[in-house]
file coords05.cif (mmCIF, C-alpha atoms)
data_coords
loop_
_atom_site.label_atom_id
_atom_site.label_comp_id
_atom_site.auth_asym_id
_atom_site.auth_seq_id
_atom_site.Cartn_x
_atom_site.Cartn_y
_atom_site.Cartn_z
CA MET A 1 69.30 -64.29 -102.10
CA SER A 2 67.26 -61.12 -101.50
CA SER A 3 70.44 -59.21 -100.62
CA LEU A 4 71.67 -59.59 -104.21
CA ALA A 5 68.24 -59.19 -105.78
CA THR A 6 67.93 -55.71 -104.29
CA HIS A 7 70.81 -54.58 -106.50
CA PHE A 8 68.62 -55.06 -109.58
CA ALA A 9 65.60 -53.01 -110.62
CA GLY A 10 63.98 -55.85 -112.55
CA GLY A 11 64.07 -59.58 -113.04
CA ARG A 12 60.48 -60.76 -112.63
CA ASP A 13 59.63 -63.07 -115.55
CA TYR A 14 63.15 -62.68 -116.93
CA LEU A 15 64.60 -66.18 -117.36
CA ALA A 16 67.35 -65.39 -119.85
CA ALA A 17 70.55 -64.57 -117.98
CA CYS A 18 72.14 -67.23 -120.19
CA THR A 19 71.40 -64.93 -123.15
CA VAL A 20 72.13 -61.53 -121.61
CA GLY A 21 72.29 -60.44 -117.99
CA LEU A 22 70.43 -57.50 -116.52
CA PRO A 23 72.42 -54.42 -115.46
CA SER A 24 72.57 -53.74 -111.75
CA ARG A 25 71.47 -50.41 -110.35
CA ALA A 26 75.12 -49.51 -109.77
CA THR A 27 76.02 -50.32 -113.37
CA VAL A 28 73.22 -48.10 -114.66
CA ARG A 29 74.34 -45.25 -112.40
CA ALA A 30 77.98 -45.59 -113.44
CA VAL A 31 77.28 -45.63 -117.18
CA ARG A 32 74.82 -42.73 -116.96
CA ALA A 33 77.28 -40.66 -114.96
CA ASP A 34 80.03 -41.42 -117.46
CA LEU A 35 77.81 -40.43 -120.39
CA ASP A 36 76.67 -37.26 -118.63
CA ALA A 37 80.27 -36.27 -117.94
CA ALA A 38 81.30 -36.92 -121.52
CA ALA A 39 78.30 -35.04 -122.90
CA SER A 40 79.25 -32.09 -120.72
CA GLY A 41 82.74 -32.04 -122.18
CA ARG A 42 84.35 -33.78 -119.20
CA PRO A 43 85.18 -37.34 -120.29
CA ASP A 44 87.24 -38.98 -117.54
CA VAL A 45 89.71 -41.33 -119.18
CA VAL A 46 91.67 -41.76 -115.94
CA ALA A 47 88.54 -42.98 -114.14
CA ALA A 48 87.74 -45.32 -117.03
CA SER A 49 91.24 -46.80 -116.88
CA GLN A 50 90.84 -47.29 -113.15
CA ALA A 51 87.54 -49.09 -113.79
CA VAL A 52 89.40 -51.50 -116.07
CA GLU A 53 91.81 -52.43 -113.29
CA GLU A 54 89.02 -52.71 -110.73
CA ALA A 55 87.13 -55.02 -113.08
CA ARG A 56 90.25 -57.11 -113.67
CA ALA A 57 90.86 -57.46 -109.93
CA SER A 58 87.26 -58.40 -109.19
CA PHE A 59 87.22 -61.02 -111.92
CA ALA A 60 90.45 -62.50 -110.58
CA ARG A 61 88.85 -62.83 -107.14
CA LEU A 62 85.70 -64.32 -108.62
CA VAL A 63 87.56 -67.11 -110.43
CA SER A 64 90.22 -67.60 -107.73
CA THR A 65 93.24 -66.73 -109.85
CA PRO A 66 96.08 -64.21 -109.40
CA VAL A 67 95.29 -60.87 -111.00
CA SER A 68 98.61 -61.09 -112.85
CA HIS A 69 97.16 -64.03 -114.82
CA VAL A 70 94.21 -61.99 -116.19
CA ALA A 71 94.10 -60.20 -119.55
CA ILE A 72 91.20 -58.02 -120.64
CA GLY A 73 89.43 -57.91 -123.97
CA SER A 74 86.10 -57.39 -125.65
CA GLN A 75 85.18 -60.76 -127.22
CA THR A 76 85.98 -64.35 -126.30
CA SER A 77 86.41 -65.40 -129.94
CA VAL A 78 89.25 -62.90 -130.29
CA GLN A 79 90.94 -64.23 -127.16
CA VAL A 80 90.48 -67.83 -128.30
CA SER A 81 92.03 -66.83 -131.64
CA LEU A 82 95.10 -65.63 -129.76
CA ILE A 83 95.56 -69.16 -128.45
CA ALA A 84 94.73 -70.69 -131.83
CA THR A 85 97.62 -68.81 -133.45
CA SER A 86 100.02 -70.52 -131.06
CA VAL A 87 98.84 -74.10 -131.64
CA PRO A 88 101.73 -75.88 -133.37
CA ASP A 89 101.29 -76.72 -137.05
CA GLY A 90 99.51 -80.04 -137.47
CA ALA A 91 98.64 -80.37 -133.78
CA GLU A 92 95.33 -81.76 -132.54
CA VAL A 93 92.70 -79.70 -130.72
CA LEU A 94 89.88 -81.61 -129.03
CA CYS A 95 86.53 -79.86 -128.46
CA ALA A 96 83.13 -80.86 -127.12
CA GLU A 97 80.47 -81.65 -129.72
CA GLY A 98 77.98 -78.83 -130.17
CA ASP A 99 79.98 -76.33 -128.12
CA PHE A 100 79.61 -72.60 -128.72
CA SER A 101 81.10 -71.42 -132.01
CA SER A 102 83.26 -68.68 -130.47
CA LEU A 103 85.26 -71.42 -128.76
CA VAL A 104 85.44 -73.86 -131.68
CA ALA A 105 85.54 -71.78 -134.88
CA PRO A 106 88.95 -70.15 -134.28
CA PHE A 107 90.55 -73.60 -134.31
CA ALA A 108 88.45 -74.85 -137.22
CA HIS A 109 89.69 -71.98 -139.38
CA ALA A 110 93.24 -71.69 -138.05
CA GLY A 111 94.77 -73.56 -140.99
CA ARG A 112 98.38 -74.77 -140.77
CA GLY A 113 97.17 -78.35 -140.67
CA ILE A 114 95.64 -78.02 -137.20
CA ARG A 115 93.38 -81.01 -136.65
CA LEU A 116 90.07 -80.34 -134.90
CA ARG A 117 88.38 -83.34 -133.33
CA THR A 118 85.17 -83.43 -131.29
CA ALA A 119 83.65 -85.78 -128.74
CA PRO A 120 80.50 -85.69 -126.58
CA LEU A 121 81.09 -83.61 -123.44
CA SER A 122 80.44 -86.63 -121.22
CA GLU A 123 83.19 -88.54 -123.08
CA LEU A 124 85.66 -85.69 -123.47
CA ALA A 125 88.11 -86.86 -120.81
CA ALA A 126 88.24 -90.37 -122.29
CA ALA A 127 88.72 -88.96 -125.80
CA ILE A 128 91.99 -87.19 -124.96
CA ALA A 129 94.77 -88.88 -126.93
CA PRO A 130 98.56 -88.88 -126.45
CA ASP A 131 98.93 -86.42 -129.36
CA THR A 132 96.19 -84.03 -128.22
CA TRP A 133 97.80 -80.61 -127.80
CA LEU A 134 94.76 -78.75 -126.41
CA VAL A 135 91.35 -79.64 -124.97
CA ALA A 136 88.84 -76.79 -125.32
CA PHE A 137 85.39 -76.90 -123.75
CA SER A 138 82.76 -74.77 -122.04
CA LEU A 139 82.33 -75.40 -118.34
CA VAL A 140 78.57 -75.04 -118.88
CA GLN A 141 77.14 -75.78 -122.30
CA SER A 142 75.12 -72.96 -123.85
CA ALA A 143 72.67 -75.14 -125.77
CA THR A 144 71.88 -77.65 -123.03
CA GLY A 145 73.02 -76.21 -119.69
CA GLU A 146 75.11 -79.35 -119.09
CA VAL A 147 77.92 -78.84 -116.58
CA ALA A 148 81.20 -80.43 -117.55
CA ASP A 149 83.21 -82.76 -115.32
CA ALA A 150 85.95 -80.15 -115.17
CA ALA A 151 88.10 -81.98 -112.66
CA GLY A 152 87.98 -85.19 -114.68
CA ILE A 153 88.83 -83.45 -117.94
CA ALA A 154 91.67 -81.48 -116.37
CA ALA A 155 93.13 -84.61 -114.77
CA ALA A 156 92.96 -86.59 -118.02
CA ALA A 157 94.58 -83.74 -119.93
CA ALA A 158 97.40 -83.53 -117.40
CA ARG A 159 98.08 -87.26 -117.71
CA ALA A 160 98.29 -86.92 -121.50
CA GLY A 161 100.38 -83.75 -121.41
CA ALA A 162 97.60 -81.76 -123.11
CA ARG A 163 96.72 -78.17 -122.34
CA THR A 164 93.24 -77.06 -121.34
CA LEU A 165 91.11 -74.09 -122.40
CA CYS A 166 87.82 -73.64 -120.56
CA ASP A 167 85.09 -71.14 -121.49
CA LEU A 168 83.51 -69.79 -118.29
CA THR A 169 80.93 -67.54 -119.97
CA GLN A 170 77.91 -69.62 -118.92
CA ALA A 171 79.34 -70.45 -115.49
CA ALA A 172 81.03 -67.48 -113.82
CA GLY A 173 78.54 -65.67 -111.64
CA TRP A 174 76.49 -68.64 -110.41
CA LEU A 175 78.89 -71.62 -110.36
CA PRO A 176 82.00 -71.71 -108.14
CA VAL A 177 85.01 -71.52 -110.47
CA ASP A 178 88.73 -72.05 -109.96
CA ALA A 179 90.45 -70.86 -113.13
CA THR A 180 93.80 -72.25 -111.93
CA MET A 181 92.48 -75.73 -112.77
CA PHE A 182 93.04 -74.90 -116.44
CA ASP A 183 95.90 -73.60 -118.56
CA ALA A 184 93.59 -70.94 -119.98
CA THR A 185 90.05 -69.68 -119.56
CA VAL A 186 87.94 -67.16 -121.43
CA CYS A 187 84.81 -65.42 -120.22
CA HIS A 188 82.50 -62.82 -121.72
CA ALA A 189 80.89 -60.97 -118.80
CA TYR A 190 77.62 -59.79 -120.34
CA LYS A 191 75.64 -62.86 -119.31
CA TRP A 192 75.67 -64.12 -115.71
CA LEU A 193 78.03 -61.34 -114.57
CA CYS A 194 75.55 -58.71 -115.77
CA CYS A 195 78.15 -56.44 -117.37
CA PRO A 196 77.71 -54.33 -120.50
CA ARG A 197 78.60 -56.21 -123.66
CA GLY A 198 82.22 -55.67 -124.67
CA VAL A 199 83.95 -56.91 -121.51
CA SER A 200 85.77 -60.24 -121.65
CA PHE A 201 88.61 -61.88 -119.78
CA LEU A 202 91.39 -64.32 -120.56
CA THR A 203 93.30 -66.14 -117.83
CA LEU A 204 96.58 -67.85 -118.58
CA SER A 205 98.91 -70.01 -116.55
CA PRO A 206 102.47 -68.68 -116.69
CA ALA A 207 103.55 -71.82 -118.55
CA LEU A 208 101.02 -71.40 -121.34
CA ALA A 209 101.53 -67.64 -121.45
CA ASP A 210 105.18 -68.32 -122.32
CA GLU A 211 104.05 -70.34 -125.35
CA ILE A 212 101.70 -67.68 -126.75
CA ARG A 213 102.85 -64.88 -129.01
CA PRO A 214 101.22 -61.49 -128.28
CA VAL A 215 100.18 -61.06 -131.91
CA GLN A 216 97.44 -58.61 -130.93
CA ALA A 217 99.79 -56.38 -128.96
CA GLY A 218 98.88 -52.71 -128.99
CA TRP A 219 99.38 -49.66 -126.85
CA TYR A 220 97.43 -51.21 -123.96
CA SER A 221 99.73 -54.24 -123.92
CA GLY A 222 102.64 -52.16 -122.69
CA ASP A 223 103.98 -52.28 -119.18
CA ASP A 224 102.96 -48.62 -118.92
CA PRO A 225 100.22 -48.15 -121.55
CA TRP A 226 100.37 -44.38 -121.52
CA SER A 227 104.03 -44.43 -122.52
CA SER A 228 103.62 -47.05 -125.26
CA CYS A 229 101.24 -45.18 -127.54
CA TYR A 230 103.59 -44.86 -130.51
CA GLY A 231 105.98 -46.90 -132.57
CA THR A 232 106.55 -50.48 -131.51
CA GLY A 233 104.82 -49.94 -128.19
CA GLY A 234 107.92 -50.19 -126.03
CA THR A 235 108.27 -52.86 -123.36
CA LEU A 236 105.34 -55.25 -123.08
CA ALA A 237 103.84 -55.97 -119.68
CA PRO A 238 105.63 -58.86 -117.93
CA ASP A 239 102.40 -60.61 -116.95
CA ALA A 240 99.10 -61.43 -118.69
CA ARG A 241 98.54 -57.75 -119.37
CA ARG A 242 100.75 -58.12 -122.44
CA PHE A 243 97.75 -59.86 -124.02
CA ASP A 244 95.40 -56.95 -123.24
CA VAL A 245 93.64 -55.12 -126.02
CA SER A 246 92.49 -51.53 -125.77
CA PRO A 247 89.39 -51.60 -123.54
CA ALA A 248 85.93 -50.34 -124.39
CA TRP A 249 86.04 -47.74 -121.63
CA GLN A 250 82.34 -47.15 -121.10
CA ALA A 251 81.66 -50.90 -120.99
CA PHE A 252 84.29 -51.33 -118.27
CA VAL A 253 82.89 -48.36 -116.34
CA GLY A 254 79.64 -50.30 -116.12
CA ALA A 255 81.38 -53.63 -115.55
CA ALA A 256 83.43 -52.59 -112.52
CA PRO A 257 80.51 -52.34 -110.04
CA ALA A 258 78.83 -55.46 -111.44
CA LEU A 259 81.97 -57.56 -111.08
CA ALA A 260 82.59 -56.23 -107.58
CA LEU A 261 79.04 -57.23 -106.67
CA PHE A 262 79.54 -60.84 -107.76
CA ALA A 263 83.10 -61.10 -106.45
CA ASP A 264 81.92 -59.97 -103.00
CA ALA A 265 78.91 -62.32 -102.98
CA ASP A 266 78.80 -65.75 -101.36
CA ILE A 267 79.14 -67.90 -104.48
CA THR A 268 78.02 -71.00 -102.61
CA ALA A 269 74.77 -69.28 -101.65
CA THR A 270 74.31 -68.09 -105.24
CA TYR A 271 74.89 -71.64 -106.52
CA THR A 272 72.38 -73.06 -104.05
CA HIS A 273 69.80 -70.42 -104.94
CA THR A 274 70.06 -70.69 -108.72
CA THR A 275 70.29 -74.47 -108.96
CA GLY A 276 67.49 -74.80 -106.40
CA LEU A 277 65.16 -72.76 -108.60
CA ALA A 278 66.19 -74.82 -111.61
CA ALA A 279 65.53 -78.05 -109.70
CA ARG A 280 62.09 -76.79 -108.70
CA PHE A 281 61.33 -76.05 -112.34
CA ARG A 282 62.56 -79.50 -113.38
CA ASP A 283 60.31 -81.10 -110.79
CA GLY A 284 57.35 -79.11 -112.09
CA LEU A 285 57.88 -80.33 -115.65
CA GLY A 286 58.86 -83.83 -114.59
CA LEU A 287 62.35 -83.47 -116.09
CA ALA A 288 65.23 -85.61 -114.89
CA HIS A 289 67.88 -83.97 -112.74
CA PRO A 290 71.41 -83.83 -114.20
CA GLU A 291 74.41 -85.44 -112.53
CA ARG A 292 75.84 -81.98 -111.88
CA PRO A 293 73.18 -79.36 -111.03
CA SER A 294 72.80 -76.44 -113.41
CA ALA A 295 71.08 -73.05 -113.28
CA ILE A 296 70.04 -73.60 -116.91
CA VAL A 297 67.19 -75.92 -117.85
CA THR A 298 66.53 -76.99 -121.43
CA TRP A 299 64.13 -79.49 -122.95
CA PRO A 300 63.15 -80.54 -126.50
CA ASP A 301 61.03 -77.91 -128.27
CA ALA A 302 61.52 -78.52 -131.98
CA THR A 303 58.34 -76.66 -132.94
CA GLY A 304 58.99 -73.72 -130.61
CA GLU A 305 55.63 -74.26 -128.88
CA ALA A 306 57.01 -74.11 -125.33
CA LEU A 307 58.95 -70.93 -126.03
CA ALA A 308 55.85 -69.40 -127.60
CA GLN A 309 53.80 -70.27 -124.50
CA LEU A 310 56.34 -68.61 -122.22
CA THR A 311 56.52 -65.54 -124.45
CA ALA A 312 52.73 -65.26 -124.60
CA HIS A 313 52.68 -65.03 -120.80
CA GLY A 314 55.25 -62.25 -120.74
CA ILE A 315 58.17 -64.48 -119.76
CA THR A 316 61.51 -63.88 -121.43
CA ALA A 317 63.21 -67.17 -122.26
CA SER A 318 65.18 -68.46 -125.23
CA GLY A 319 65.45 -71.33 -127.67
CA ARG A 320 68.67 -72.99 -128.78
CA ALA A 321 69.40 -76.00 -131.00
CA GLY A 322 65.77 -77.13 -131.03
CA ARG A 323 65.38 -76.83 -127.27
CA ALA A 324 63.56 -74.37 -125.02
CA ARG A 325 65.89 -72.78 -122.47
CA VAL A 326 65.32 -71.01 -119.17
CA ALA A 327 67.89 -69.73 -116.70
CA PHE A 328 67.53 -68.74 -113.05
CA HIS A 329 69.73 -66.04 -111.55
CA VAL A 330 70.03 -63.95 -108.40
CA PHE A 331 67.15 -61.64 -109.39
CA ASN A 332 64.75 -64.60 -109.76
CA ASP A 333 62.78 -66.40 -107.05
CA GLU A 334 60.16 -69.13 -106.63
CA ARG A 335 57.47 -66.93 -108.14
CA ASP A 336 59.34 -66.90 -111.44
CA VAL A 337 59.39 -70.70 -111.39
CA ASP A 338 55.67 -70.88 -110.62
CA ARG A 339 54.73 -68.38 -113.32
CA ALA A 340 56.80 -70.22 -115.93
CA LEU A 341 55.22 -73.54 -115.01
CA HIS A 342 51.77 -71.98 -115.20
CA ALA A 343 52.59 -70.60 -118.65
CA LEU A 344 53.55 -74.11 -119.76
CA GLY A 345 50.22 -75.51 -118.61
CA VAL A 346 51.30 -77.21 -115.40
CA ARG A 347 48.19 -77.71 -113.27
CA GLY A 348 47.82 -77.12 -109.56
CA ILE A 349 50.68 -74.68 -109.07
CA GLU A 350 48.73 -71.89 -107.40
CA ASN A 351 50.10 -72.99 -104.03
CA LEU A 352 53.33 -74.47 -105.36
CA SER A 353 55.48 -72.61 -102.82
CA ALA A 354 53.84 -74.64 -100.08
CA PHE A 355 54.60 -77.96 -101.74
CA ASP A 356 58.27 -77.99 -102.63
CA GLY A 357 59.49 -81.18 -104.27
CA LEU A 358 56.16 -82.30 -105.76
CA VAL A 359 55.97 -83.16 -109.44
CA TYR A 360 53.00 -81.68 -111.26
CA ALA A 361 51.37 -83.08 -114.35
CA ILE A 362 51.37 -81.14 -117.59
#
call {"tool": "encode", "arguments": {"input": "coords05.cif", "output": "structure tokens"}}
result
Amino acid sequence: MSSLATHFAGGRDYLAACTVGLPSRATVRAVRADLDAAASGRPDVVAASQAVEEARASFARLVSTPVSHVAIGSQTSVQVSLIATSVPDGAEVLCAEGDFSSLVAPFAHAGRGIRLRTAPLSELAAAIAPDTWLVAFSLVQSATGEVADAAGIAAAAARAGARTLCDLTQAAGWLPVDATMFDATVCHAYKWLCCPRGVSFLTLSPALADEIRPVQAGWYSGDDPWSSCYGTGGTLAPDARRFDVSPAWQAFVGAAPALALFADADITATYTHTTGLAARFRDGLGLAHPERPSAIVTWPDATGEALAQLTAHGITASGRAGRARVAFHVFNDERDVDRALHALGVRGIENLSAFDGLVYAI
């Protein structure tokens, strides 16, 4: 994984890609150059618009979907709300218990008699009912790192005639993803894809796109945005671009090289690297391995003691829902695992790299 790690200036002791990713060297250069140009009185809007399209194309490659199915935005909650406005009055939406609020809240507050029901992620497929209109879930859970049985959920939804919405925010960048498995996906790119905050994506199947009203249409939703700046906006784009919102240009300038980096990478190698580090960490703490490997490891930490130990040793981690949480990405290696285990009081790890697979006592 060293080939990807070289694209980042830092990463040692940073175990929080699940909270916010680190900018690549290319992202830093691009944003600085854009700021310098603007400060000199030479803002380049044409280049920024080109960066938007480059970012869109790279994301499409990354999640194995046609670029015509990808809309751009700035926040996943806004893109989920777009779908929530098109749920029929009184219809049922099924979500995973404890999922991230940006995915669940838009349906909870949609009104119009929409019925929100939840089930444990492991039971989500079995909980789909004949009258379920939409199943919404995160491919990787933020609070626990649990990886959903996406194929099982998608198959059960298809049998019931339900639509699927999958949040890829905690998955895209380390986990192989095929967005065409779902009717819709959303993804904010500031975590594992290491983009500036303010870059998000929505993918839609043509069938679901036909059911959604472009209630957020603006000048950037036009077939030719630069000719739809006034009045009703003219003719909307014929593909998913009709759901675009005006992009945060500087954020996309920084996102374009980051997304190209991950789209060009060997995602299988990235998956092996990140989940391998997580497995090593699990072994060190004596934690059970999940059915589906994850790059995120969490464990009970109601008092915050474990997080405090990591922080005291200069390690950046996070705590969510009463659990300590660490994440391993392309800029991490075995030394990060060893240092985190040492911070947590695991004995005998000085030569841990020579003894892969051993479980060490706390």
call {"tool": "closest_atom_pairs", "arguments": {"input": "coords05.cif", "of": "range 95-131 of chain A", "to": "range 167-186 of chain A", "cutoff": "10 Å", "atoms": "all atoms listed in the file", "output": "JSON lines"}}
result
{"residue": "A:Asp99", "atom": "CA", "partner": "A:Asp167", "partner_atom": "CA", "distance": 9.8}
{"residue": "A:Phe100", "atom": "CA", "partner": "A:Asp167", "partner_atom": "CA", "distance": 9.2}
{"residue": "A:Ser102", "atom": "CA", "partner": "A:Asp167", "partner_atom": "CA", "distance": 9.5}
{"residue": "A:Leu103", "atom": "CA", "partner": "A:Asp167", "partner_atom": "CA", "distance": 7.3}
call {"tool": "closest_residue", "arguments": {"input": "coords05.cif", "among": "A:Phe137, A:Tyr14, A:Tyr271, A:Phe201", "to": "Phe243 in chain A", "atoms": "only C-alpha atoms"}}
result
A:Phe201
call {"tool": "resolve_selection", "arguments": {"input": "coords05.cif", "expression": "the PyMOL selection byres ((chain A and resi 330) around 8)", "output": "PDB file with C-alpha atoms, keeping the file's coordinate frame"}}
result
ATOM      1  CA  MET A   1      69.300 -64.290-102.100  1.00  0.00           C
ATOM      2  CA  SER A   2      67.260 -61.120-101.500  1.00  0.00           C
ATOM      3  CA  LEU A   4      71.670 -59.590-104.210  1.00  0.00           C
ATOM      4  CA  ALA A   5      68.240 -59.190-105.780  1.00  0.00           C
ATOM      5  CA  THR A 270      74.310 -68.090-105.240  1.00  0.00           C
ATOM      6  CA  HIS A 273      69.800 -70.420-104.940  1.00  0.00           C
ATOM      7  CA  THR A 274      70.060 -70.690-108.720  1.00  0.00           C
ATOM      8  CA  PHE A 328      67.530 -68.740-113.050  1.00  0.00           C
ATOM      9  CA  HIS A 329      69.730 -66.040-111.550  1.00  0.00           C
ATOM     10  CA  PHE A 331      67.150 -61.640-109.390  1.00  0.00           C
ATOM     11  CA  ASN A 332      64.750 -64.600-109.760  1.00  0.00           C
ATOM     12  CA  ASP A 333      62.780 -66.400-107.050  1.00  0.00           C
TER      13      ASP A 333
END
call {"tool": "residues_around", "arguments": {"input": "coords05.cif", "residues": "range 297-305 of chain A", "least_positions_apart": "2", "cutoff": "7 Å", "atoms": "all atoms listed in the file", "output": "count of residues only"}}
result
13
call {"tool": "closest_residue", "arguments": {"input": "coords05.cif", "among": "A:Gly41, A:Gly73, A:Gly113, A:Gly198", "to": "Thr85 in chain A", "atoms": "all atoms listed in the file"}}
result
A:Gly113
call {"tool": "residues_around", "arguments": {"input": "coords05.cif", "residues": "range 110-112 of chain A", "least_positions_apart": "5", "cutoff": "8 Å", "atoms": "all atoms listed in the file", "output": "list in words"}}
result
Ala84, Thr85, Asp89 and Gly90 of chain A
call {"tool": "residues_around", "arguments": {"input": "coords05.cif", "residues": "Val245 in chain A", "least_positions_apart": "4", "cutoff": "10 Å", "atoms": "all atoms listed in the file", "output": "ChimeraX atom specification"}}
result
/A:71-74,78-79,216-221,241
call {"tool": "closest_residue", "arguments": {"input": "coords05.cif", "among": "A:Leu277, A:Val46, A:Val104, A:Leu22", "to": "Gly10 in chain A", "atoms": "only C-alpha atoms"}}
result
A:Leu22
call {"tool": "resolve_selection", "arguments": {"input": "coords05.cif", "expression": "the PyMOL selection byres ((chain A and resi 27) around 7)", "output": "MDAnalysis selection string"}}
result
chainID A and resid 23:26 28:31 254:255 257:258
call {"tool": "closest_residue", "arguments": {"input": "coords05.cif", "among": "A:Thr232, A:Ser122, A:Thr316, A:Thr76", "to": "Arg292 in chain A", "atoms": "all atoms listed in the file"}}
result
A:Ser122
call {"tool": "residues_near_point", "arguments": {"input": "coords05.cif", "point": "(86.7, -61.4, -110.3)", "cutoff": "10 Å", "atoms": "all atoms listed in the file", "output": "JSON list (two decimals) with C-alpha atoms, in the coordinates of the input"}}
result
[["chain", "number", "residue", "atom", "x", "y", "z"],
["A", 54, "GLU", "CA", 89.02, -52.71, -110.73],
["A", 55, "ALA", "CA", 87.13, -55.02, -113.08],
["A", 56, "ARG", "CA", 90.25, -57.11, -113.67],
["A", 57, "ALA", "CA", 90.86, -57.46, -109.93],
["A", 58, "SER", "CA", 87.26, -58.40, -109.19],
["A", 59, "PHE", "CA", 87.22, -61.02, -111.92],
["A", 60, "ALA", "CA", 90.45, -62.50, -110.58],
["A", 61, "ARG", "CA", 88.85, -62.83, -107.14],
["A", 62, "LEU", "CA", 85.70, -64.32, -108.62],
["A", 63, "VAL", "CA", 87.56, -67.11, -110.43],
["A", 64, "SER", "CA", 90.22, -67.60, -107.73],
["A", 65, "THR", "CA", 93.24, -66.73, -109.85],
["A", 66, "PRO", "CA", 96.08, -64.21, -109.40],
["A", 67, "VAL", "CA", 95.29, -60.87, -111.00],
["A", 70, "VAL", "CA", 94.21, -61.99, -116.19],
["A", 172, "ALA", "CA", 81.03, -67.48, -113.82],
["A", 173, "GLY", "CA", 78.54, -65.67, -111.64],
["A", 193, "LEU", "CA", 78.03, -61.34, -114.57],
["A", 201, "PHE", "CA", 88.61, -61.88, -119.78],
["A", 256, "ALA", "CA", 83.43, -52.59, -112.52],
["A", 258, "ALA", "CA", 78.83, -55.46, -111.44],
["A", 259, "LEU", "CA", 81.97, -57.56, -111.08],
["A", 260, "ALA", "CA", 82.59, -56.23, -107.58],
["A", 261, "LEU", "CA", 79.04, -57.23, -106.67],
["A", 262, "PHE", "CA", 79.54, -60.84, -107.76],
["A", 263, "ALA", "CA", 83.10, -61.10, -106.45],
["A", 264, "ASP", "CA", 81.92, -59.97, -103.00]]
call {"tool": "closest_residue", "arguments": {"input": "coords05.cif", "among": "A:Leu116, A:Val346, A:Leu204, A:Val93", "to": "Gly286 in chain A", "atoms": "all atoms listed in the file"}}
result
A:Val346
call {"tool": "atom_distance", "arguments": {"input": "coords05.cif", "atom1": "CA of His69 in chain A", "atom2": "CA of Thr132 in chain A"}}
result
24.1 Å
call {"tool": "closest_residue", "arguments": {"input": "coords05.cif", "among": "A:Trp192, A:Ser101, A:Ala148, A:Ala129", "to": "Ala17 in chain A", "atoms": "all atoms listed in the file"}}
result
A:Trp192
